[in-house]
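Asks: One structure follows; several queries about it will come next.
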Amino acid sequence: MRVVFVLFDSLNRHALGAYGGTAVPTPNFDRLARRSAVFDTHYVGSLPCMPARRDLHTGRLNFLHRGWGPLEPYDISYAALLGKAGVYSHLISDHFHYFEDGGATYHQRYSSWEYIRGQEKDKWKALVEPPLERFKAMYHPLQHPAEHTDGRLNYMVNREYMKEEADFPSVKCFDAALEFLATNRHADRWLLHLETFDPHEPFYAPPRLRERFQTGYEGPILDWPRYKRVTESPAEIAEIRANYAALLTLCDEQLGRLLDVFDQDDLWKDTALIVTTDHGFLFGEHEWWAKNVMPFYEEIARIPLFFWHPSHRSGGRRKALTQTIDLMPTLLDCFGVEPPSVVTGRSLLPVLDSDASIRDSAIFGMFGAATNVTDGRHTYFRYPPDMLTQQLYEYVLIPLHQKNFFATEELAGASLVEPFGFTQGMPLLKVPARPGQKTREPPHGLFDEALTVLYDLQADPGQVSPIADEEVLTCLIAGMTEAMRLHEAPEEAFRRLNLNPDPVPQHSRNLTGA
């Protein structure tokens with residue numbers, strides 16, 4: 001048995017032909033859809049990038065306890081488990097977050113790994129005196145770095161070294177993947193995790209692809225929207241969308257290269273193929289850009305998933321409600337490895353065979369923001385009554401944020417608390433969350449509309465008109481509460497949402513006596 005697991009970043013399902021997209025031709029995603037099972041009700045779990053990958057590795061949600069951070073010592077990674085079972089795993093990625101402080105414990109879980117440099121804010125090429133004036137003239141003012149150390153300046157420098165199509169990191173990722181397949185095509189019991197940062201912003205694609213999407217825009221480079229309300233002109237909006245379309249086209253072509261190898265070497269007979277993403281992206285829908293600050297509408301939360309398995313029924317659509325945490329036990333199940341008891345995700349192999357239901361509802365969200373729930377027909381966003389005064393604590397053993405260590409003033413308020421049931425007996429530091437540190441607590445006035453809302457996705461797929469339905473709401477709240485208990489959400493996670501924590505796991509008793 002062999003598995004190729006392909007993870008794109010910020011792949012919007014609405015842009016794919018297999019999910020009804022028409023604005024961008026995606027012939028190779030469509031080609032995959034004709035052979036594989038296409039999951040129609042697949043959702044995120046923890047957001048954004050690295051929290052989603054922690055879900056993927058561990059098979060359980062982490063946003064109820066932690067913001068952006070590394071795999072912790074008690075986390076049980078699917079890649080490490082496969083290694084113990086004699087399965088070779090190889091990671092190929094240009095996702096630079098793996099090499100920031102808050103992601104640096106992921107790649108070492110694999111048997112081997114290959115990192116392609118140069119994406120977005122990757123601190124790759126060294127220009128002590130970058131041509132700031134030239135950059136200022138080249139790029140739209142929205143993209144100008146706020147200071148010399150701003151990551152947007154890293155992107156401008158990196159882009160100077162991507163002149164030919166072969167220089168693009170995503171192309172190099174697929175080059176490396178095809179090399180792996182050529183080298184190991186006759187070996188057995190391996191997993192290839194191929195992960196490309198594209199089509200994540202900045203939306204920079206080769207000129208031949210960008211030329212296919214003409215907008216008439218004549219301003220400076222505009223391919224990296226800020227995470228905020230839409231204030232751009234129609235021409236600027238069209239330019240950003242066209243740049244994404246060109247980058248998505250590049251991703252489609254690269255996927256086609258992989259599918260060509262599956263066809264040529266008949267890998268379909270003995271190799272599973274899974275293609276998905278970590279989250280979607282808003283392109284002006286609901287008057288928002290991006291994925292973090294706003295409510296997690298369907299464009300962000302409902303994501304594509306394609307799954308081919310040579311020994312299970314593939315092809316056709318799957319309606320079962322699934323989410324990212326299900327990939328970990330699925331990857332283990334492909335090799336006959338039992339998941340640990342703390343895993344809350346479910347293997348998708350039964351869903352392939354019979355579209356069997358594996359859950360009635362699923363919760364998703366980001367640390368410090370809303371907790372959201374869906375039953376596949378409805379979605380419900382539940383926010384704290386006051387986002388600015390909510391109690392938030394991070395439960396950690398490795399005190400790292402995305403790019404740096406926890407500050408002295410944060411750790412000064414920390415206390416040692418009893419283990420959760422999933423921490424292998426390890427006590428944890430309970431650290432008051434620093435406002436704005438990946439909690440996305442919005443400033444006053446950011447949200448003008450009512451936050452806590454219920455939508456009927458069948459009647460209102462665009463989530464334009466919230467509804468009032470007490471029967472549905474009661475069921476969804478019950479599902480949310482049950483899922484939070486299953487994941488041992490701390491007492492304050494219930495309290496901030498005005499939910500009943502009973503029965504509350506007794507893991508928050510202070511071990512230091514404070």
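Order determines the names: the first chain of the structure tokens is A, the second B, and so forth; residues in each chain are numbered 1 upward, and ligands are numbered 1 upward as they are shown.
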Using DSSP assignments from the backbone, pull out every residue in stretch 1-165 of chain A that falls under helix (DSSP H, G or I) and give it to me as a VMD selection string.
Replies: chain A and resid 13 to 15 17 to 19 27 to 35 49 to 58 78 to 84 96 to 99 101 to 103 107 to 109 132 to 138 141 to 143 151 to 159 165
Asks: Would you return as JSON, numbers by chain the members of stretch 406-438 of chain A that DSSP assigns to strand (DSSP E or B) on this structure's backbone?
Replies: {"A": [415, 416, 417, 428, 429, 430, 431, 432]}
Asks: Hey, what's within 12 Å of A:Arg210 if we count only C-alpha atoms and toss same-chain stuff fewer than 4 positions away? As a list of chain:residue names, please?
Replies: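 These residues fall inside the cut-off: A:Val24, A:Phe203, A:Tyr204, A:Ala205, A:Pro206, A:Gln214, A:Thr215, A:Asp223, A:Glu239, A:Ile240, A:Arg241, A:Ala242, A:Asn243, A:Tyr244, A:Ala245, A:Ala246, A:Leu247, A:Leu248, A:Thr249, A:Leu250.
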Asks: Which residues, written as a list of chain:residue names, have at least one atom at most 12 Å from A:Ala166, with only C-alpha atoms counted and residues fewer than 2 positions away on the same chain left out?
Replies: A:Tyr161, A:Met162, A:Lys163, A:Glu164, A:Phe168, A:Pro169, A:Ser170, A:Val171, A:Lys172, A:Cys173, A:Phe174, A:Asp175, A:Ala176, A:Ala205, A:Pro206, A:Leu250, A:Gln254
Asks: I'd like the contact shell of stretch 281-295 of chain A - 7 Å cut-off, only C-alpha atoms, skipping same-chain residues fewer than 4 positions apart - returned as a compact mmCIF listing (two decimals) with C-alpha atoms, in the first residue's frame.
Replies:
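Writing the result to out06.txt gives the following:
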```txt
# COMPACT_ATOMS: atom_id res chain seq x y z
CA SER A 10 -6.21 28.40 0.62
CA ASN A 12 -11.38 27.81 -2.50
CA PRO A 225 -5.04 41.67 -0.08
CA ARG A 226 -4.98 42.71 3.55
CA TYR A 227 -7.18 40.73 5.93
CA LYS A 228 -9.91 43.33 6.27
CA ARG A 229 -13.16 44.73 4.93
CA VAL A 230 -13.26 45.34 1.17
CA ARG A 241 -9.28 37.87 -8.25
CA GLU A 299 -16.04 30.13 1.42
CA ILE A 300 -13.58 29.61 4.27
CA ARG A 440 -8.10 37.88 16.59
```
Asks: A:Leu71, A:Leu392, A:Leu181, A:Leu305: which is nearest A:Met50, counting only C-alpha atoms?
Replies: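 For A:Met50, the nearest of the given residues is A:Leu71.
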Asks: So that each row is one residue of stretch 76-116 of chain A with an atom at most 12 Å from stretch 332-345 of chain A, can you give its shortest atom pair and the distance in Å to one decimal, using only C-alpha atoms, rows by chain and rising number, as a Markdown table?
Replies:
```
| residue | atom | partner | partner_atom | distance |
| --- | --- | --- | --- | --- |
| A:Ile76 | CA | A:Pro340 | CA | 8.0 |
| A:Ser77 | CA | A:Pro340 | CA | 10.0 |
| A:Tyr78 | CA | A:Leu332 | CA | 6.7 |
| A:Ala79 | CA | A:Leu332 | CA | 8.8 |
| A:Ala80 | CA | A:Leu332 | CA | 10.5 |
| A:Leu81 | CA | A:Val337 | CA | 7.9 |
| A:Leu82 | CA | A:Leu332 | CA | 6.9 |
| A:Gly83 | CA | A:Val337 | CA | 10.6 |
| A:Lys84 | CA | A:Val337 | CA | 9.7 |
| A:Ala85 | CA | A:Val337 | CA | 7.2 |
| A:Gly86 | CA | A:Phe335 | CA | 9.7 |
| A:Val87 | CA | A:Phe335 | CA | 7.9 |
| A:Tyr88 | CA | A:Phe335 | CA | 11.0 |
| A:Ser89 | CA | A:Leu332 | CA | 11.7 |
```
Asks: Ranking A:Leu91, A:Leu411, A:Ile358, A:Ala238 by minimum distance to A:His107 and counting only C-alpha atoms, which one comes first?
Replies: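 Smallest distance to A:His107 is found for A:Leu91.
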